[in-house]
$ cat final02.cif   # mmCIF, C-alpha atoms
data_my_file
#
loop_
_atom_site.label_atom_id
_atom_site.label_comp_id
_atom_site.auth_asym_id
_atom_site.auth_seq_id
_atom_site.Cartn_x
_atom_site.Cartn_y
_atom_site.Cartn_z
CA MET U 27 76.46 51.25 103.36
CA GLY U 28 73.39 51.62 105.61
CA SER U 29 73.49 49.81 108.92
CA SER U 30 76.81 48.18 108.04
CA VAL U 31 78.62 51.48 108.54
CA ARG U 32 80.88 51.15 111.51
CA ALA U 33 80.35 53.62 114.36
CA ALA U 34 83.21 55.73 115.64
CA PRO U 35 84.99 53.96 118.52
CA ARG U 36 84.14 54.79 122.09
CA VAL U 37 87.17 56.62 123.42
CA PRO U 38 86.91 58.94 126.43
CA LEU U 39 85.63 62.44 125.83
CA VAL U 40 88.18 65.23 125.93
CA VAL U 41 87.46 68.74 127.13
CA LEU U 42 89.12 71.81 125.67
CA PRO U 43 88.72 75.22 127.33
CA ALA U 44 86.04 77.43 125.81
CA THR U 45 88.42 80.38 126.06
CA THR U 46 92.07 79.81 125.29
CA GLU U 47 94.79 80.94 127.59
CA VAL U 48 98.37 79.92 128.18
CA LEU U 49 98.55 78.42 131.64
CA GLU U 50 101.25 77.49 134.12
CA PRO U 51 103.35 74.33 133.58
CA ILE U 52 101.77 71.11 134.75
CA SER U 53 103.17 70.06 138.10
CA GLY U 54 105.40 67.00 137.74
CA ALA U 55 105.75 67.27 133.95
CA ALA U 56 109.52 67.82 133.99
CA THR U 57 110.34 64.09 133.82
CA VAL U 58 107.92 63.59 130.95
CA ALA U 59 109.47 66.57 129.17
CA VAL U 60 112.91 64.97 129.39
CA ALA U 61 111.55 61.71 127.97
CA LEU U 62 109.78 63.52 125.13
CA ASP U 63 112.94 65.49 124.35
CA ARG U 64 114.83 62.21 124.08
CA LEU U 65 112.15 60.76 121.83
CA SER U 66 112.29 63.86 119.63
CA ARG U 67 116.07 63.54 119.27
CA LEU U 68 116.10 59.82 118.56
CA ALA U 69 112.92 59.36 116.49
CA ALA U 70 114.57 60.21 113.18
CA GLU U 71 117.61 57.95 113.66
CA PRO U 72 118.20 55.59 110.69
CA ASP U 73 117.64 52.62 113.01
CA ARG U 74 114.04 53.11 114.16
CA ARG U 75 114.59 50.76 117.07
CA ILE U 76 116.65 53.47 118.78
CA GLY U 77 113.73 55.84 118.86
CA LEU U 78 110.72 53.56 118.98
CA ASP U 79 111.98 50.54 120.94
CA ALA U 80 114.00 52.57 123.43
CA ALA U 81 112.73 56.14 123.73
CA LEU U 82 109.01 55.68 123.04
CA PRO U 83 108.27 53.21 125.88
CA ILE U 84 109.99 55.52 128.34
CA ALA U 85 107.95 58.50 127.18
CA VAL U 86 104.74 56.45 127.41
CA ARG U 87 105.64 55.24 130.90
CA GLU U 88 106.49 58.70 132.22
CA CYS U 89 103.38 60.26 130.70
CA ARG U 90 101.19 57.57 132.23
CA ARG U 91 102.93 58.07 135.57
CA LEU U 92 102.08 61.76 135.42
CA LEU U 93 98.47 60.98 134.57
CA VAL U 94 98.22 58.52 137.46
CA ALA U 95 99.74 61.11 139.80
CA GLN U 96 97.00 63.50 138.76
CA THR U 97 94.38 61.12 140.18
CA CYS U 98 95.14 61.58 143.86
CA ALA U 99 92.85 64.52 144.70
CA GLY U 100 89.38 65.73 143.59
CA PRO U 101 87.35 64.73 140.51
CA VAL U 102 87.81 66.07 137.02
CA ASP U 103 85.02 67.15 134.70
CA ASN U 104 85.00 64.45 132.03
CA GLY U 105 82.69 66.41 129.74
CA GLU U 106 79.76 63.97 129.81
CA ARG U 107 77.32 66.68 130.90
CA MET U 108 78.51 69.16 128.29
CA PRO U 109 76.66 69.36 124.98
CA ALA U 110 78.65 69.19 121.76
CA ASP U 111 78.84 72.66 120.19
CA PHE U 112 79.46 71.32 116.69
CA HIS U 113 78.77 68.15 114.71
CA VAL U 114 82.50 67.63 114.32
CA HIS U 115 82.91 67.79 118.12
CA GLU U 116 80.20 65.18 118.58
CA TYR U 117 81.95 62.93 116.09
CA PHE U 118 85.41 63.23 117.63
CA GLY U 119 84.25 63.13 121.24
CA VAL U 120 85.31 66.70 122.02
CA ARG U 121 83.59 69.04 124.42
CA ARG U 122 84.34 72.71 124.85
CA GLY U 123 83.35 74.66 127.92
CA LYS U 124 84.45 76.59 130.94
CA VAL U 125 86.68 74.22 132.88
CA SER U 126 89.24 74.79 135.58
CA ALA U 127 92.90 75.04 134.69
CA ARG U 128 93.39 71.78 136.61
CA ASP U 129 90.85 69.97 134.45
CA ALA U 130 92.42 71.38 131.29
CA ALA U 131 95.78 70.05 132.48
CA VAL U 132 94.47 66.52 133.01
CA HIS U 133 92.81 66.43 129.60
CA ALA U 134 95.95 67.75 127.90
CA THR U 135 98.00 65.02 129.59
CA ALA U 136 95.48 62.34 128.61
CA ILE U 137 95.44 63.50 124.98
CA VAL U 138 99.23 63.34 124.82
CA TYR U 139 99.33 59.96 126.54
CA ARG U 140 96.88 58.25 124.18
CA ALA U 141 98.63 59.59 121.08
CA LEU U 142 101.98 58.44 122.46
CA VAL U 143 100.63 54.94 123.05
CA ASP U 144 99.27 54.78 119.49
CA LEU U 145 102.72 55.65 118.08
CA GLY U 146 103.70 52.13 119.04
CA PHE U 147 101.21 50.82 116.46
CA ALA U 148 101.32 53.42 113.68
CA THR U 149 103.74 53.67 110.77
CA VAL U 150 104.78 57.31 111.15
CA ASP U 151 107.84 59.02 109.69
CA GLY U 152 110.58 59.60 112.25
CA ASN U 153 110.74 63.32 111.56
CA ASP U 154 106.98 63.56 112.17
CA ILE U 155 107.38 61.69 115.46
CA ALA U 156 110.11 64.16 116.43
CA ALA U 157 107.88 67.16 115.66
CA GLU U 158 104.92 65.57 117.44
CA ALA U 159 107.02 64.85 120.54
CA THR U 160 108.24 68.45 120.60
CA GLY U 161 104.66 69.69 120.49
CA MET U 162 103.71 67.26 123.26
CA ARG U 163 106.52 68.56 125.46
CA LEU U 164 105.42 72.13 124.90
CA ALA U 165 101.80 71.23 125.63
CA LEU U 166 102.74 69.68 128.97
CA THR U 167 105.19 72.34 130.05
CA SER U 168 103.08 75.36 129.17
CA ALA U 169 99.50 74.14 129.13
CA GLY U 170 98.38 73.15 132.57
CA ALA U 171 98.01 74.07 136.17
CA LYS U 172 99.78 73.09 139.34
CA GLY U 173 98.00 70.54 141.47
CA LYS U 174 96.77 66.96 141.33
CA HIS U 175 93.44 65.63 140.19
CA GLU U 176 91.34 62.50 139.90
CA ASN U 177 89.95 60.82 136.83
CA GLY U 178 90.74 57.13 136.73
CA PRO U 179 89.09 56.30 133.37
CA LEU U 180 91.40 58.73 131.60
CA VAL U 181 94.42 56.62 132.59
CA ASP U 182 93.31 53.19 131.44
CA TYR U 183 93.92 53.27 127.68
CA ARG U 184 94.80 50.07 125.84
CA PRO U 185 94.64 50.45 122.05
CA ASP U 186 95.17 47.57 119.66
CA GLY U 187 96.23 49.50 116.56
CA ASP U 188 92.68 50.02 115.28
CA GLY U 189 92.80 52.61 112.50
CA LEU U 190 89.47 54.28 113.27
CA GLU U 191 90.44 54.65 116.91
CA ARG U 192 93.74 56.19 115.76
CA TRP U 193 91.79 58.63 113.61
CA ILE U 194 89.90 59.85 116.68
CA VAL U 195 92.73 59.88 119.24
CA THR U 196 95.24 61.66 117.04
CA HIS U 197 92.68 64.29 116.05
CA HIS U 198 92.41 65.13 119.76
CA LEU U 199 96.12 65.90 119.67
CA TYR U 200 95.72 67.85 116.45
CA PHE U 201 93.01 69.99 118.04
CA LEU U 202 95.17 70.61 121.13
CA PHE U 203 98.11 71.76 119.00
CA ASN U 204 95.85 74.11 117.02
CA VAL U 205 94.58 75.65 120.26
CA ARG U 206 98.11 76.14 121.56
CA ALA U 207 99.32 77.67 118.29
CA ALA U 208 96.43 80.14 118.47
CA ASP U 209 97.32 80.88 122.10
CA HIS U 210 100.87 81.87 121.28
CA ILE U 211 99.91 83.91 118.24
CA ARG U 212 97.53 85.82 120.51
CA LEU U 213 100.37 86.39 122.97
CA ALA U 214 102.56 87.65 120.15
CA ILE U 215 99.90 90.12 119.01
CA GLY U 216 99.59 91.40 122.57
CA ALA U 217 103.35 91.83 122.86
CA LEU U 218 103.41 93.70 119.53
CA GLY U 219 100.85 96.14 120.86
CA GLU U 220 103.22 96.88 123.73
CA ARG U 221 106.25 97.11 121.41
CA ARG U 222 107.91 94.13 123.09
CA TRP U 223 109.53 92.78 119.95
CA GLN U 224 111.62 90.04 121.58
CA ALA U 225 108.66 88.65 123.51
CA ALA U 226 106.56 88.65 120.35
CA ALA U 227 109.30 86.83 118.46
CA GLU U 228 109.54 84.16 121.16
CA SER U 229 105.78 83.56 121.09
CA LEU U 230 105.86 83.22 117.29
CA ARG U 231 108.71 80.70 117.51
CA VAL U 232 106.69 78.59 119.93
CA ALA U 233 103.64 78.91 117.66
CA ALA U 234 105.76 77.62 114.76
CA GLU U 235 106.73 74.56 116.81
CA TYR U 236 103.05 73.87 117.43
CA VAL U 237 102.27 74.21 113.72
CA ARG U 238 104.96 71.66 112.89
CA ALA U 239 103.48 69.44 115.56
CA LEU U 240 99.92 69.75 114.26
CA THR U 241 101.18 68.85 110.79
CA ALA U 242 102.82 65.76 112.29
CA ALA U 243 99.63 64.87 114.16
CA MET U 244 97.73 65.12 110.87
CA ALA U 245 100.20 62.68 109.30
CA HIS U 246 99.85 60.39 112.34
CA SER U 247 96.05 60.37 111.97
CA ALA U 248 96.47 59.41 108.31
CA ALA U 249 98.68 56.40 109.02
CA LEU U 250 96.06 54.27 107.28
CA SER U 251 95.73 52.56 103.93
CA ARG U 252 93.62 54.27 101.28
CA ASP U 253 91.27 51.28 101.22
CA TYR U 254 90.82 51.38 105.00
CA TYR U 255 90.11 55.11 104.92
CA ARG U 256 87.61 54.70 102.07
CA ASP U 257 85.84 51.62 103.44
CA VAL U 258 85.96 52.20 107.20
CA VAL U 259 86.78 55.78 108.22
CA ARG U 260 85.13 57.92 105.57
CA PRO U 261 81.66 56.37 105.90
CA THR U 262 81.58 57.33 109.59
CA MET U 263 81.76 61.02 108.62
CA SER U 264 78.61 61.18 106.52
CA PRO U 265 74.96 60.13 106.89
CA PRO U 266 73.65 57.85 108.21
CA ALA U 267 76.56 57.52 110.65
CA ALA U 268 76.86 61.31 111.08
CA PRO U 269 74.09 63.94 110.92
CA THR U 270 75.84 65.72 108.04
CA GLU U 271 78.97 65.44 105.91
CA LEU U 272 81.94 66.36 108.07
CA THR U 273 84.97 68.25 106.76
CA GLY U 274 88.11 69.80 108.15
CA ARG U 275 86.72 73.28 107.54
CA MET U 276 84.24 72.64 110.35
CA GLN U 277 86.92 72.30 113.02
CA PRO U 278 86.64 75.30 115.37
CA GLU U 279 90.13 74.76 116.79
CA HIS U 280 91.74 75.00 113.37
CA ARG U 281 89.55 77.97 112.50
CA ALA U 282 90.75 79.72 115.67
CA TYR U 283 94.35 79.15 114.62
CA ARG U 284 93.69 80.47 111.12
CA ARG U 285 91.87 83.53 112.47
CA GLY U 286 94.80 84.19 114.78
CA LEU U 287 97.26 83.96 111.93
CA GLY U 288 95.16 86.36 109.86
CA ALA U 289 94.99 88.81 112.77
CA LEU U 290 98.77 88.62 113.14
CA LEU U 291 99.31 89.52 109.49
CA ASP U 292 96.90 92.42 109.84
CA VAL U 293 99.17 94.02 112.44
CA LEU U 294 102.53 92.70 111.22
CA ASP U 295 102.39 93.07 107.45
CA GLN U 296 105.71 94.73 106.68
CA PRO U 297 107.88 93.07 104.01
CA TYR U 298 110.63 90.86 105.37
CA ASP U 299 113.52 93.25 104.73
CA GLU U 300 111.69 96.18 106.30
CA LEU U 301 110.77 94.20 109.41
CA HIS U 302 114.26 92.70 109.65
CA ALA U 303 115.79 96.17 109.73
CA ARG U 304 113.69 96.97 112.80
CA SER U 305 113.84 93.57 114.55
CA PRO U 306 115.76 90.65 113.02
CA ALA U 307 114.37 88.25 115.63
CA LEU U 308 110.79 89.22 114.85
CA ALA U 309 111.28 88.97 111.09
CA THR U 310 112.80 85.50 111.28
CA ALA U 311 110.22 84.26 113.82
CA ARG U 312 107.34 85.41 111.61
CA GLU U 313 109.02 83.76 108.64
CA GLU U 314 109.42 80.53 110.61
CA LEU U 315 105.71 80.49 111.42
CA LEU U 316 104.64 81.25 107.85
CA ASP U 317 106.99 78.62 106.43
CA ALA U 318 105.53 76.06 108.85
CA ASP U 319 102.00 77.06 107.87
CA LEU U 320 102.75 76.76 104.16
CA LEU U 321 104.34 73.36 104.68
CA ASP U 322 101.24 72.29 106.59
CA ILE U 323 98.94 72.90 103.65
CA GLU U 324 101.46 71.23 101.31
CA ARG U 325 101.50 68.15 103.53
CA HIS U 326 97.71 68.26 103.59
CA VAL U 327 97.73 68.00 99.80
CA CYS U 328 99.90 64.88 100.07
CA VAL U 329 97.70 63.30 102.75
CA ALA U 330 94.55 63.96 100.74
CA ASP U 331 96.10 62.48 97.63
CA ALA U 332 97.16 59.37 99.52
CA LEU U 333 93.74 58.80 101.07
CA VAL U 334 91.23 60.00 98.44
CA ARG U 335 93.24 60.61 95.24
CA ALA U 336 90.88 61.92 92.56
CA ASP U 337 87.77 61.81 94.73
CA ARG U 338 85.93 64.92 95.84
CA SER U 339 85.67 65.80 99.49
CA LEU U 340 82.49 64.86 101.33
CA VAL U 341 81.08 68.38 100.89
CA GLN U 342 81.93 68.44 97.17
CA GLN U 343 79.86 65.42 96.22
CA GLU U 344 77.00 67.40 94.69
CA ARG U 345 78.64 70.53 93.36
CA GLY U 346 81.75 71.95 91.76
CA SER U 347 84.25 70.49 89.37
CA GLU U 348 87.34 70.38 91.62
CA ASN U 349 88.28 67.50 93.82
CA ALA U 350 89.74 67.61 97.35
CA VAL U 351 93.37 67.67 96.20
CA ALA U 352 92.79 70.48 93.69
CA THR U 353 90.99 72.56 96.31
CA LEU U 354 93.87 72.14 98.75
CA ARG U 355 96.36 73.08 96.06
CA GLN U 356 94.44 76.27 95.38
CA MET U 357 94.56 77.05 99.11
CA ARG U 358 98.30 76.45 99.04
CA HIS U 359 98.80 78.87 96.15
CA GLN U 360 96.72 81.55 97.86
CA ARG U 361 98.79 81.29 101.02
CA ALA U 362 102.06 81.33 99.09
CA ALA U 363 100.97 84.50 97.30
CA ARG U 364 100.04 86.14 100.60
CA TYR U 365 103.30 85.17 102.27
CA ARG U 366 105.68 85.91 99.39
CA PRO U 367 106.75 89.45 100.47
CA LEU U 368 106.91 88.42 104.13
CA VAL U 369 109.57 85.71 103.78
CA ARG U 370 113.01 85.54 102.22
CA TYR U 371 112.32 82.60 99.93
CA GLY U 372 108.83 83.17 98.63
CA ASP U 373 107.41 81.36 95.64
CA PRO U 374 108.54 83.30 92.52
CA LEU U 375 105.99 81.61 90.24
CA LEU U 376 102.79 83.11 91.51
CA SER U 377 101.52 85.04 88.50
CA TYR U 378 98.89 82.33 88.03
CA ALA U 379 97.66 82.44 91.65
CA ASP U 380 95.37 85.45 91.54
#
$ encode --input "final02.cif" --output "structure tokens"
Amino acid sequence: MGSSVRAAPRVPLVVLPATTEVLEPISGAATVAVALDRLSRLAAEPDRRIGLDAALPIAVRECRRLLVAQTCAGPVDNGERMPADFHVHEYFGVRRGKVSARDAAVHATAIVYRALVDLGFATVDGNDIAAEATGMRLALTSAGAKGKHENGPLVDYRPDGDGLERWIVTHHLYFLFNVRAADHIRLAIGALGERRWQAAAESLRVAAEYVRALTAAMAHSAALSRDYYRDVVRPTMSPPAAPTELTGRMQPEHRAYRRGLGALLDVLDQPYDELHARSPALATAREELLDADLLDIERHVCVADALVRADRSLVQQERGSENAVATLRQMRHQRAARYRPLVRYGDPLLSYAD
């Protein structure tokens, strides 16, 4: 499409910590948490007006109020001086570096706020809104630092329902949820090393909530027509608009989550019944996480089919015979085979998935 390719929209940069750690709750987030809980409960009501016309504006207002309150003290690193570590970070406006816990808190709040605002424009399933709101609440009540900060430009966000802007803003939320899922898996592995089974189980349950939320954020980002994705979004992720073809496999935040899940299964690989005999809570929490992870890849198949159908992914254009959907299905089968002995209701038809 040459020079007619639309550039990615200019939304504020977001900064994610270079090293992940679970931080203290954000000061003042309790009111936002209540509003997000209400949104999560009401989002899936048959009458969408109950959730979207009543609960969503309150959640947006309270989240913005928190973000404004964070602007009453010193400045926040907005990431403009940080280089992009990866092409995909340059594209999505993400920077990763050593930032204070206070800065991380402001960016987490801003990410949640922008995605909340966009929900007023996007056609998203109520159950996905509920899962997304739950992840947002967790991110604000276990992902920040006490104190107040200043960064006025982060607060002033006025979207108009633009699909490409949605693609960017909701990916910020997706990245945040991946980071938090990896955080809690890491905590669980640490607790396992100390034989604290209940603590490990609780961390895995929280990780599962984040996985459901990242799946919902993926669906939110894909609240686009196939034609819009093909004609507007997809061209921005390949030359000449981007330096190389961009793909989900390049996302370091998702890779960190997947590495964490692999490390967990290296140290907690007992079959479900065996683990349940030792710790029922741990067995069911691991199962909950693995079920959520398998559902994530299954939903990814559906999203890919809706947006690209029989097309290959951007990195498959010149090689291979499989398309994007077939590749994702193969990934699904591989995960199902790996998880089968670890869950109660594994896929019994896996003889073909070797």
$ closest_residue --input "final02.cif" --among "U:Gly274, U:Ala217, U:Val329, U:Leu315" --to "Ser251 (chain U)" --atoms "all atoms listed in the file"
U:Val329
$ residues_around --input "final02.cif" --residues "Gly189 (chain U)" --least-positions-apart "6" --cutoff "12 Å" --atoms "only C-alpha atoms" --output "ChimeraX atom specification"
/U:34-35,144-145,147-149,195-196,246-260
$ closest_residue --input "final02.cif" --among "U:Gly187, U:Pro261, U:Pro374, U:Pro367" --to "Arg312 (chain U)" --atoms "all atoms listed in the file"
U:Pro367
$ residues_around --input "final02.cif" --residues "Val125 (chain U)" --least-positions-apart "6" --cutoff "9 Å" --atoms "only C-alpha atoms" --output "list in words"
Val41, Leu42, Pro43, Ala44 and Asp103 of chain U
$ resolve_selection --input "final02.cif" --expression "the PyMOL selection byres ((chain U and resi 229) around 12)" --output "PyMOL selection string"
chain U and resi 48+168+206-218+222-228+230-236+290+307-308+311-312+314-315
$ write_last_selection --input "final02.cif" --atoms "C-alpha atoms" --output "mmCIF file, keeping the file's coordinate frame"
data_model
loop_
_atom_site.group_PDB
_atom_site.id
_atom_site.type_symbol
_atom_site.label_atom_id
_atom_site.label_comp_id
_atom_site.auth_asym_id
_atom_site.auth_seq_id
_atom_site.Cartn_x
_atom_site.Cartn_y
_atom_site.Cartn_z
ATOM 1 C CA VAL U 48 98.370 79.920 128.180
ATOM 2 C CA SER U 168 103.080 75.360 129.170
ATOM 3 C CA ARG U 206 98.110 76.140 121.560
ATOM 4 C CA ALA U 207 99.320 77.670 118.290
ATOM 5 C CA ALA U 208 96.430 80.140 118.470
ATOM 6 C CA ASP U 209 97.320 80.880 122.100
ATOM 7 C CA HIS U 210 100.870 81.870 121.280
ATOM 8 C CA ILE U 211 99.910 83.910 118.240
ATOM 9 C CA ARG U 212 97.530 85.820 120.510
ATOM 10 C CA LEU U 213 100.370 86.390 122.970
ATOM 11 C CA ALA U 214 102.560 87.650 120.150
ATOM 12 C CA ILE U 215 99.900 90.120 119.010
ATOM 13 C CA GLY U 216 99.590 91.400 122.570
ATOM 14 C CA ALA U 217 103.350 91.830 122.860
ATOM 15 C CA LEU U 218 103.410 93.700 119.530
ATOM 16 C CA ARG U 222 107.910 94.130 123.090
ATOM 17 C CA TRP U 223 109.530 92.780 119.950
ATOM 18 C CA GLN U 224 111.620 90.040 121.580
ATOM 19 C CA ALA U 225 108.660 88.650 123.510
ATOM 20 C CA ALA U 226 106.560 88.650 120.350
ATOM 21 C CA ALA U 227 109.300 86.830 118.460
ATOM 22 C CA GLU U 228 109.540 84.160 121.160
ATOM 23 C CA LEU U 230 105.860 83.220 117.290
ATOM 24 C CA ARG U 231 108.710 80.700 117.510
ATOM 25 C CA VAL U 232 106.690 78.590 119.930
ATOM 26 C CA ALA U 233 103.640 78.910 117.660
ATOM 27 C CA ALA U 234 105.760 77.620 114.760
ATOM 28 C CA GLU U 235 106.730 74.560 116.810
ATOM 29 C CA TYR U 236 103.050 73.870 117.430
ATOM 30 C CA LEU U 290 98.770 88.620 113.140
ATOM 31 C CA ALA U 307 114.370 88.250 115.630
ATOM 32 C CA LEU U 308 110.790 89.220 114.850
ATOM 33 C CA ALA U 311 110.220 84.260 113.820
ATOM 34 C CA ARG U 312 107.340 85.410 111.610
ATOM 35 C CA GLU U 314 109.420 80.530 110.610
ATOM 36 C CA LEU U 315 105.710 80.490 111.420
#
